[in-house]
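> Following this line is data.txt, made up of compact mmCIF, C-alpha atoms:
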# COMPACT_ATOMS: atom_id res chain seq x y z
CA MET A 144 25.15 30.97 -32.19
CA SER A 145 22.75 28.47 -30.53
CA ARG A 146 23.58 24.83 -30.16
CA PHE A 147 21.25 21.79 -30.23
CA ASP A 148 21.26 20.11 -26.86
CA PRO A 149 19.74 16.62 -27.01
CA ARG A 150 19.20 16.63 -23.28
CA GLN A 151 16.89 19.63 -23.66
CA GLU A 152 14.97 17.77 -26.42
CA GLY A 153 14.40 14.74 -24.22
CA ARG A 154 13.27 16.85 -21.32
CA GLY A 155 10.75 18.72 -23.50
CA ARG A 156 9.01 15.51 -24.75
CA SER A 157 8.93 13.44 -21.57
CA PRO A 158 5.51 14.66 -20.33
CA VAL A 159 3.84 13.73 -23.66
CA ARG A 160 5.47 10.34 -23.76
CA ALA A 161 4.51 9.73 -20.17
CA ALA A 162 0.91 10.65 -20.91
CA LEU A 163 0.80 8.31 -23.88
CA LEU A 164 2.27 5.47 -21.91
CA SER A 165 -0.13 6.13 -19.08
CA GLY A 166 -3.09 6.16 -21.49
CA LEU A 167 -1.97 2.94 -23.12
CA ALA A 168 -1.56 1.33 -19.74
CA THR A 169 -5.02 2.49 -18.73
CA LEU A 170 -6.53 1.10 -21.93
CA LEU A 171 -4.72 -2.15 -21.41
CA LEU A 172 -5.99 -2.43 -17.88
CA LEU A 173 -9.51 -1.60 -19.00
CA SER A 174 -9.30 -4.17 -21.79
CA VAL A 175 -8.06 -6.82 -19.42
CA ALA A 176 -10.79 -5.93 -16.95
CA ALA A 177 -13.42 -6.03 -19.72
CA LEU A 178 -12.17 -9.40 -20.92
CA ALA A 179 -12.12 -10.73 -17.37
CA TRP A 180 -15.66 -9.48 -16.82
CA ALA A 181 -16.84 -10.94 -20.16
CA TRP A 182 -15.22 -14.28 -19.35
CA ALA A 183 -16.83 -14.26 -15.92
CA VAL A 184 -20.24 -13.60 -17.49
CA TYR A 185 -19.59 -16.25 -20.18
CA THR A 186 -18.76 -18.96 -17.66
CA ALA A 187 -20.88 -17.89 -14.68
CA ASP A 188 -24.07 -19.72 -13.72
CA GLY A 189 -27.05 -18.62 -15.76
CA PRO A 190 -30.65 -17.98 -14.71
CA GLU A 191 -32.55 -20.64 -12.82
CA ALA A 192 -35.31 -22.41 -14.73
CA ARG A 193 -38.73 -20.90 -14.18
CA GLN A 194 -40.17 -24.37 -13.60
CA GLY A 195 -38.45 -27.65 -12.83
CA ASP A 196 -34.85 -28.52 -13.57
CA GLU A 197 -34.72 -27.50 -17.20
CA THR A 198 -36.16 -25.18 -19.81
CA ILE A 199 -37.35 -26.34 -23.22
CA VAL A 200 -36.45 -24.09 -26.14
CA VAL A 201 -37.17 -24.68 -29.81
CA LEU A 202 -34.87 -23.13 -32.41
CA PRO A 203 -36.51 -23.06 -35.85
CA SER A 204 -34.60 -24.02 -38.94
CA GLY A 205 -32.85 -21.05 -40.52
CA ALA A 206 -32.90 -18.88 -37.39
CA GLY A 207 -30.01 -16.41 -37.17
CA VAL A 208 -28.05 -15.43 -34.08
CA SER A 209 -30.31 -12.48 -33.30
CA ARG A 210 -33.46 -14.57 -33.41
CA ILE A 211 -31.86 -17.35 -31.37
CA ALA A 212 -30.74 -14.81 -28.78
CA GLY A 213 -34.29 -13.47 -28.58
CA ILE A 214 -35.75 -16.96 -28.11
CA LEU A 215 -33.27 -17.81 -25.36
CA ASP A 216 -33.83 -14.50 -23.58
CA ALA A 217 -37.62 -14.84 -23.75
CA ALA A 218 -37.34 -18.35 -22.29
CA GLY A 219 -35.17 -17.04 -19.43
CA VAL A 220 -32.16 -19.13 -20.40
CA ILE A 221 -29.71 -16.21 -20.79
CA ARG A 222 -29.44 -12.87 -19.04
CA SER A 223 -28.77 -10.68 -22.06
CA GLU A 224 -29.40 -10.96 -25.80
CA THR A 225 -26.56 -8.56 -26.54
CA LEU A 226 -24.01 -10.44 -24.46
CA PHE A 227 -25.07 -13.71 -26.08
CA LYS A 228 -24.60 -12.32 -29.58
CA VAL A 229 -21.22 -10.83 -28.69
CA ALA A 230 -20.10 -14.09 -27.07
CA VAL A 231 -21.15 -16.15 -30.07
CA GLN A 232 -19.37 -13.83 -32.50
CA LEU A 233 -16.17 -13.46 -30.46
CA THR A 234 -15.87 -17.23 -30.01
CA GLY A 235 -16.68 -17.97 -33.65
CA ARG A 236 -19.63 -20.16 -32.67
CA GLU A 237 -22.34 -18.50 -34.76
CA ARG A 238 -22.09 -20.99 -37.63
CA GLY A 239 -22.38 -24.05 -35.38
CA LEU A 240 -25.75 -23.35 -33.74
CA ARG A 241 -28.25 -26.01 -34.80
CA ALA A 242 -32.01 -25.93 -35.09
CA GLY A 243 -34.11 -28.23 -32.93
CA GLU A 244 -35.66 -28.67 -29.51
CA TYR A 245 -33.30 -28.43 -26.55
CA ALA A 246 -33.64 -29.02 -22.83
CA ILE A 247 -31.40 -26.43 -21.16
CA ALA A 248 -30.41 -27.28 -17.59
CA SER A 249 -31.37 -24.82 -14.89
CA GLY A 250 -28.50 -22.42 -14.14
CA ALA A 251 -26.51 -23.38 -17.26
CA SER A 252 -23.81 -20.84 -18.07
CA MET A 253 -23.78 -18.99 -21.37
CA SER A 254 -20.82 -21.11 -22.40
CA GLU A 255 -22.75 -24.30 -21.64
CA VAL A 256 -25.83 -23.03 -23.46
CA ILE A 257 -23.81 -22.25 -26.59
CA GLU A 258 -22.04 -25.61 -26.56
CA HIS A 259 -25.37 -27.38 -26.03
CA LEU A 260 -26.84 -25.66 -29.08
CA ARG A 261 -23.77 -26.61 -31.09
CA SER A 262 -23.86 -30.25 -29.98
CA GLY A 263 -27.11 -31.06 -31.74
CA GLU A 264 -28.24 -33.05 -28.69
CA VAL A 265 -31.89 -32.29 -29.27
CA VAL A 266 -34.83 -33.61 -27.29
CA ARG A 267 -36.21 -36.69 -29.06
CA HIS A 268 -39.89 -37.63 -29.03
CA PHE A 269 -41.45 -40.88 -30.20
CA VAL A 270 -44.93 -42.18 -30.97
CA THR A 271 -45.65 -45.91 -31.02
CA ILE A 272 -48.51 -47.52 -32.91
CA PRO A 273 -48.83 -51.13 -31.65
CA GLU A 274 -49.18 -53.97 -34.13
CA GLY A 275 -52.75 -55.01 -34.68
CA TRP A 276 -54.30 -51.72 -33.63
CA SER A 277 -57.01 -50.30 -35.82
CA SER A 278 -56.81 -46.91 -37.51
CA ALA A 279 -59.39 -45.59 -35.04
CA GLN A 280 -57.14 -46.62 -32.14
CA ALA A 281 -54.10 -45.13 -33.88
CA MET A 282 -55.95 -41.82 -34.20
CA ASP A 283 -56.68 -41.91 -30.47
CA ILE A 284 -52.92 -42.05 -29.85
CA LEU A 285 -52.20 -39.19 -32.23
CA SER A 286 -55.04 -37.06 -30.88
CA ARG A 287 -53.78 -37.35 -27.31
CA ASN A 288 -50.21 -36.37 -28.22
CA ASN A 289 -49.90 -32.65 -27.47
CA LEU A 290 -46.65 -32.28 -29.43
CA LEU A 291 -48.50 -32.83 -32.70
CA THR A 292 -50.57 -30.15 -34.36
CA GLY A 293 -53.56 -29.88 -36.65
CA THR A 294 -56.36 -32.29 -37.39
CA ALA A 295 -56.40 -35.25 -39.75
CA GLU A 296 -58.78 -37.85 -41.05
CA ALA A 297 -58.32 -41.42 -39.87
CA PRO A 298 -56.30 -43.31 -42.50
CA PRO A 299 -57.92 -46.24 -44.30
CA GLU A 300 -57.75 -49.44 -42.29
CA GLY A 301 -54.53 -51.34 -42.84
CA SER A 302 -52.77 -48.46 -44.61
CA ILE A 303 -50.25 -47.51 -41.90
CA LEU A 304 -47.30 -49.47 -40.57
CA PRO A 305 -47.37 -50.12 -36.82
CA GLU A 306 -44.01 -48.93 -35.61
CA THR A 307 -42.25 -46.44 -33.33
CA TYR A 308 -41.81 -43.10 -35.10
CA GLU A 309 -39.67 -40.15 -34.08
CA ILE A 310 -41.61 -36.92 -34.16
CA GLN A 311 -40.78 -33.25 -33.85
CA ARG A 312 -42.63 -30.77 -31.66
CA GLY A 313 -45.11 -28.96 -33.89
CA GLU A 314 -45.23 -31.66 -36.58
CA SER A 315 -48.69 -32.02 -38.05
CA ARG A 316 -50.75 -35.14 -37.53
CA ALA A 317 -51.44 -35.30 -41.24
CA ALA A 318 -47.69 -35.29 -42.00
CA LEU A 319 -47.06 -38.10 -39.50
CA ILE A 320 -49.87 -40.21 -40.95
CA ALA A 321 -48.36 -39.69 -44.40
CA ARG A 322 -45.02 -40.97 -43.07
CA MET A 323 -46.73 -44.02 -41.58
CA GLN A 324 -48.48 -44.76 -44.85
CA ALA A 325 -45.25 -44.34 -46.80
CA ALA A 326 -43.53 -46.80 -44.45
CA HIS A 327 -46.37 -49.30 -45.00
CA ASP A 328 -46.16 -48.95 -48.79
CA GLU A 329 -42.38 -49.30 -48.73
CA LEU A 330 -42.52 -52.48 -46.64
CA LEU A 331 -45.22 -54.04 -48.80
CA ALA A 332 -43.24 -53.24 -51.95
CA GLU A 333 -40.24 -54.95 -50.34
CA LEU A 334 -42.07 -58.12 -49.25
CA TRP A 335 -44.55 -58.73 -52.07
CA PRO A 336 -42.05 -59.78 -54.79
CA GLY A 337 -40.64 -62.50 -52.51
CA ARG A 338 -44.00 -64.09 -51.76
CA GLN A 339 -44.61 -67.80 -51.95
CA GLN A 340 -46.09 -69.00 -55.22
CA GLY A 341 -49.60 -70.41 -55.34
CA LEU A 342 -51.09 -68.35 -52.52
CA PRO A 343 -54.91 -68.14 -52.47
CA PHE A 344 -54.87 -64.36 -52.94
CA SER A 345 -53.51 -62.28 -55.78
CA THR A 346 -52.94 -58.69 -54.65
CA PRO A 347 -50.90 -56.93 -51.96
CA GLU A 348 -54.14 -55.48 -50.61
CA GLU A 349 -55.53 -58.98 -50.00
CA ALA A 350 -52.30 -59.92 -48.25
CA VAL A 351 -52.80 -56.97 -45.90
CA ILE A 352 -56.38 -58.09 -45.17
CA LEU A 353 -55.27 -61.59 -44.24
CA ALA A 354 -52.28 -60.30 -42.24
CA SER A 355 -54.60 -58.06 -40.22
CA ILE A 356 -56.68 -61.11 -39.26
CA VAL A 357 -53.55 -63.03 -38.25
CA GLU A 358 -52.44 -60.03 -36.20
CA LYS A 359 -55.71 -59.94 -34.27
CA GLU A 360 -55.91 -63.70 -33.75
CA THR A 361 -52.67 -64.04 -31.79
CA GLY A 362 -50.43 -61.79 -29.77
CA ILE A 363 -47.66 -64.38 -29.73
CA ALA A 364 -45.09 -63.67 -32.42
CA GLU A 365 -44.06 -67.33 -32.77
CA GLU A 366 -47.65 -68.33 -33.57
CA ARG A 367 -48.19 -65.93 -36.46
CA PRO A 368 -46.78 -68.22 -39.19
CA ARG A 369 -48.82 -71.18 -37.95
CA VAL A 370 -52.04 -69.14 -37.73
CA ALA A 371 -51.34 -67.75 -41.20
CA ALA A 372 -50.90 -71.30 -42.53
CA VAL A 373 -54.29 -72.32 -41.11
CA PHE A 374 -56.06 -69.46 -42.87
CA VAL A 375 -54.17 -70.03 -46.13
CA ASN A 376 -55.13 -73.72 -45.98
CA ARG A 377 -58.78 -72.84 -45.38
CA LEU A 378 -58.83 -70.39 -48.28
CA ARG A 379 -57.29 -72.97 -50.60
CA LEU A 380 -60.00 -75.47 -49.65
CA GLY A 381 -62.81 -72.92 -49.98
CA MET A 382 -63.54 -73.08 -46.25
CA ARG A 383 -64.78 -70.03 -44.41
CA LEU A 384 -62.22 -68.37 -42.17
CA GLU A 385 -64.54 -68.32 -39.14
CA SER A 386 -62.48 -65.69 -37.34
CA ASP A 387 -63.95 -64.01 -34.27
CA PRO A 388 -61.91 -60.77 -34.74
CA THR A 389 -63.55 -60.19 -38.12
CA VAL A 390 -66.98 -60.45 -36.50
CA VAL A 391 -65.89 -58.01 -33.79
CA TYR A 392 -64.75 -55.53 -36.44
CA GLY A 393 -68.14 -55.72 -38.11
CA VAL A 394 -69.73 -54.81 -34.79
CA SER A 395 -67.33 -52.17 -33.42
CA GLN A 396 -65.48 -50.88 -36.51
CA GLY A 397 -62.08 -51.18 -34.90
CA ARG A 398 -62.88 -50.30 -31.31
CA PRO A 399 -62.30 -52.86 -28.53
CA LEU A 400 -65.54 -54.65 -27.76
CA GLY A 401 -64.68 -55.00 -24.08
CA ARG A 402 -66.54 -58.30 -23.77
CA GLY A 403 -67.05 -61.59 -25.52
CA LEU A 404 -69.11 -61.94 -28.68
CA ARG A 405 -72.81 -62.60 -28.26
CA ARG A 406 -74.61 -65.32 -30.14
CA SER A 407 -76.71 -62.67 -31.86
CA GLU A 408 -73.54 -60.97 -33.12
CA LEU A 409 -72.13 -64.22 -34.47
CA ASP A 410 -75.39 -64.70 -36.35
CA ARG A 411 -75.59 -61.11 -37.59
CA PRO A 412 -74.84 -60.86 -41.33
CA THR A 413 -72.17 -58.24 -42.03
CA PRO A 414 -69.48 -58.15 -44.75
CA TYR A 415 -66.97 -58.93 -41.98
CA ASN A 416 -68.71 -61.98 -40.52
CA THR A 417 -66.43 -64.73 -41.83
CA TYR A 418 -68.65 -67.36 -40.22
CA LEU A 419 -71.32 -66.43 -42.77
CA VAL A 420 -69.30 -64.98 -45.68
CA GLY A 421 -66.70 -66.91 -47.64
CA GLY A 422 -63.27 -65.59 -48.56
CA LEU A 423 -61.65 -62.47 -47.17
CA PRO A 424 -63.54 -59.54 -45.63
CA PRO A 425 -63.74 -56.37 -47.76
CA THR A 426 -61.02 -54.46 -45.88
CA PRO A 427 -58.34 -55.09 -43.29
CA ILE A 428 -59.59 -55.18 -39.69
CA ALA A 429 -56.40 -53.65 -38.25
CA ASN A 430 -52.94 -52.46 -39.21
CA PRO A 431 -50.61 -55.47 -39.47
CA GLY A 432 -46.88 -55.30 -38.82
CA ARG A 433 -43.95 -56.79 -40.67
CA GLU A 434 -44.08 -60.23 -39.03
CA ALA A 435 -47.75 -60.78 -39.81
CA LEU A 436 -47.21 -59.72 -43.42
CA GLU A 437 -44.21 -62.02 -43.73
CA ALA A 438 -46.26 -64.87 -42.25
CA VAL A 439 -49.08 -64.67 -44.80
CA LEU A 440 -46.72 -64.14 -47.75
CA ASN A 441 -44.57 -67.13 -46.82
CA PRO A 442 -46.61 -69.44 -44.57
CA PRO A 443 -45.14 -72.78 -43.47
CA SER A 444 -46.40 -75.92 -45.13
CA THR A 445 -48.89 -77.59 -42.78
CA ASN A 446 -52.21 -79.44 -43.03
CA GLU A 447 -53.72 -77.74 -39.97
CA LEU A 448 -57.17 -76.23 -40.39
CA PHE A 449 -58.26 -75.28 -36.86
CA PHE A 450 -57.01 -73.64 -33.69
CA VAL A 451 -58.47 -72.64 -30.36
CA ALA A 452 -57.19 -71.00 -27.18
CA ASP A 453 -55.22 -73.30 -24.90
CA GLY A 454 -55.67 -71.39 -21.66
CA THR A 455 -52.10 -70.07 -21.49
CA GLY A 456 -52.45 -67.18 -23.90
CA GLY A 457 -51.58 -69.31 -26.92
CA HIS A 458 -53.46 -71.72 -29.11
CA VAL A 459 -53.66 -75.45 -29.80
CA PHE A 460 -53.88 -76.48 -33.46
CA ALA A 461 -55.68 -79.35 -35.16
CA ARG A 462 -55.76 -81.03 -38.56
CA THR A 463 -59.26 -82.54 -38.32
CA PHE A 464 -62.59 -81.32 -37.05
CA GLU A 465 -62.68 -84.16 -34.51
CA GLU A 466 -59.34 -83.07 -33.05
CA HIS A 467 -60.59 -79.51 -32.98
CA LEU A 468 -63.76 -80.47 -31.11
CA ALA A 469 -61.66 -82.20 -28.46
CA ASN A 470 -59.49 -79.08 -28.12
CA VAL A 471 -62.57 -76.89 -27.84
CA ALA A 472 -63.97 -79.15 -25.10
CA ARG A 473 -60.74 -78.76 -23.13
CA TRP A 474 -60.92 -74.99 -23.53
CA ARG A 475 -64.53 -74.93 -22.33
CA GLN A 476 -63.48 -76.92 -19.29
CA ILE A 477 -60.73 -74.38 -18.53
CA GLU A 478 -63.28 -71.57 -18.84
CA ARG A 479 -65.66 -73.30 -16.42
CA GLN A 480 -62.91 -73.88 -13.89
CA ARG A 481 -61.92 -70.22 -14.02
CA LEU A 482 -65.50 -69.13 -13.47
CA GLU A 483 -65.87 -71.47 -10.52
CA ALA A 484 -62.66 -70.16 -8.98
CA GLN A 485 -63.88 -66.57 -9.03
CA PRO A 486 -64.97 -65.23 -5.61
Mind turning the file's structure into structure tokens?


Amino acid sequence: MSRFDPRQEGRGRSPVRAALLSGLATLLLLSVAALAWAWAVYTADGPEARQGDETIVVLPSGAGVSRIAGILDAAGVIRSETLFKVAVQLTGRERGLRAGEYAIASGASMSEVIEHLRSGEVVRHFVTIPEGWSSAQAMDILSRNNLLTGTAEAPPEGSILPETYEIQRGESRAALIARMQAAHDELLAELWPGRQQGLPFSTPEEAVILASIVEKETGIAEERPRVAAVFVNRLRLGMRLESDPTVVYGVSQGRPLGRGLRRSELDRPTPYNTYLVGGLPPTPIANPGREALEAVLNPPSTNELFFVADGTGGHVFARTFEEHLANVARWRQIERQRLEAQP
């Protein structure tokens, strides 16, 4: 009769067990090696930028991991689309990647690239329309900006708000103009209800016309209310505005004249020649900003009716025509002295 010998049993299975243990050890080593390699790739320096110290990439809204990987690979920011997708998925970062324009530093590791795209630290671009610039000049700025796309008609004079606007690469010029016009309308709707009572104009559009003249008459912010008061006083008395910038607009339609007005231009009858035509011109002559609008809607109470340049960049104001003539004589003297001092 045979007997069961446990020692024989153990000896019969030991090669199988050893093989299994050896296989598991090999797999473990391979896994560790793979993880070490993946981590090295994940944290190692990435490709150098093809030009300069950084590479600009734009991730469109709604782009998935595969499309993002393709964009980064095409831009030369990563070495492998597949490795990028695996890294994003293994680290659970796929839901945090944000759309936008990014400046990726030359040699950034895959880890740094992913964290940059998750940070939302996008490249920001701005366009500034200066106060008192005409719509034609504003269009020059937009036309020269190569981040904007498409064509657009120049907006009506006085219909956009001079301001600094953030833009996105690829934004259309028409869309930006619409934003500028919306900002203008919003500001006017805010300021108009709080206007001073008894003003010599009755519509927001007329306020914009007068504010555009104030904007062109002085570049000194502190003078705007005082200049506005002079024009409001003149309108109340039925006096002509006699504003040089309105005459210039009638000649150049919003472009800088580049010289002084000629006598023939001051005598030329146009709807904008406020030396010859009473009241306000038919349209604004520029795009006024907030301060100019505030000045004409709530001018200070004064009895001044005249102003002229004082030689320092500002103006000297007068209540009577006699005072004004004396101020003009001083200004003419300053002009003569400057001409004589020229080599």

> Would you compute the box with edges along x, y and z of the file around segment 341-356 of chain A, including every atom the file lists for it and 4 Å extra on each side, and give its centre and edge lengths in Å to one decimal, as JSON?


{"center_x": -53.1, "center_y": -62.9, "center_z": -47.5, "size_x": 15.1, "size_y": 22.9, "size_z": 24.5}

> Might you pull out every residue within 12 Å of segment 467-477 of chain A, with all atoms listed in the file counted and same-chain residues fewer than 5 positions away left off, and present them as a count of residues only?

19

> Would you kindly return, as a ChimeraX atom specification, each protein, DNA or RNA residue with an atom no farther than 12 Å from any atom of Glu358 of chain A, considering all atoms listed in the file and excluding same-chain residues fewer than 4 positions away?

/A:273-277,301,305,351-354,362-371,386,388-389,427-439

> Measure the distance from atom CA of Ala242 of chain A to atom CA of Thr294 of chain A in Å and round it to one decimal.

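A separation of 25.3 Å between them.
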
> Give the answer as one residue: which of A:Ser252, A:Thr445, A:Ser209, A:Ser395 has the shortest atom-to-atom distance to Thr413 of chain A, using all atoms listed in the file?

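Comparing A:Ser252, A:Thr445, A:Ser209, A:Ser395 against Thr413 of chain A, the winner is A:Ser395.
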
> Quick one: of A:Arg241, A:Thr234, A:Val256, A:Pro347, who's nearest to Ile221 of chain A, counting all atoms listed in the file?

A:Val256

> Any idea what the distance is between atom CA of Arg261 of chain A and atom CA of Ala218 of chain A?

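Going from atom CA of Arg261 of chain A over to atom CA of Ala218 of chain A covers 18.2 Å.
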
> When you draw a straight line from atom CA of Arg222 of chain A to atom CA of Met253 of chain A, how long is it in Å?

8.7 Å

> Nearest residue to Arg193 of chain A out of A:Gln485, A:Ser249, A:Gln339, A:Thr271, using all atoms listed in the file?

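So, comparing all the options, the nearest one is A:Ser249.
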
> Out of A:Ser254, A:Ser262, A:Thr417, A:Thr292, which residue has the shortest atom-to-atom distance to Val231 of chain A when counting only C-alpha atoms?

A:Ser254
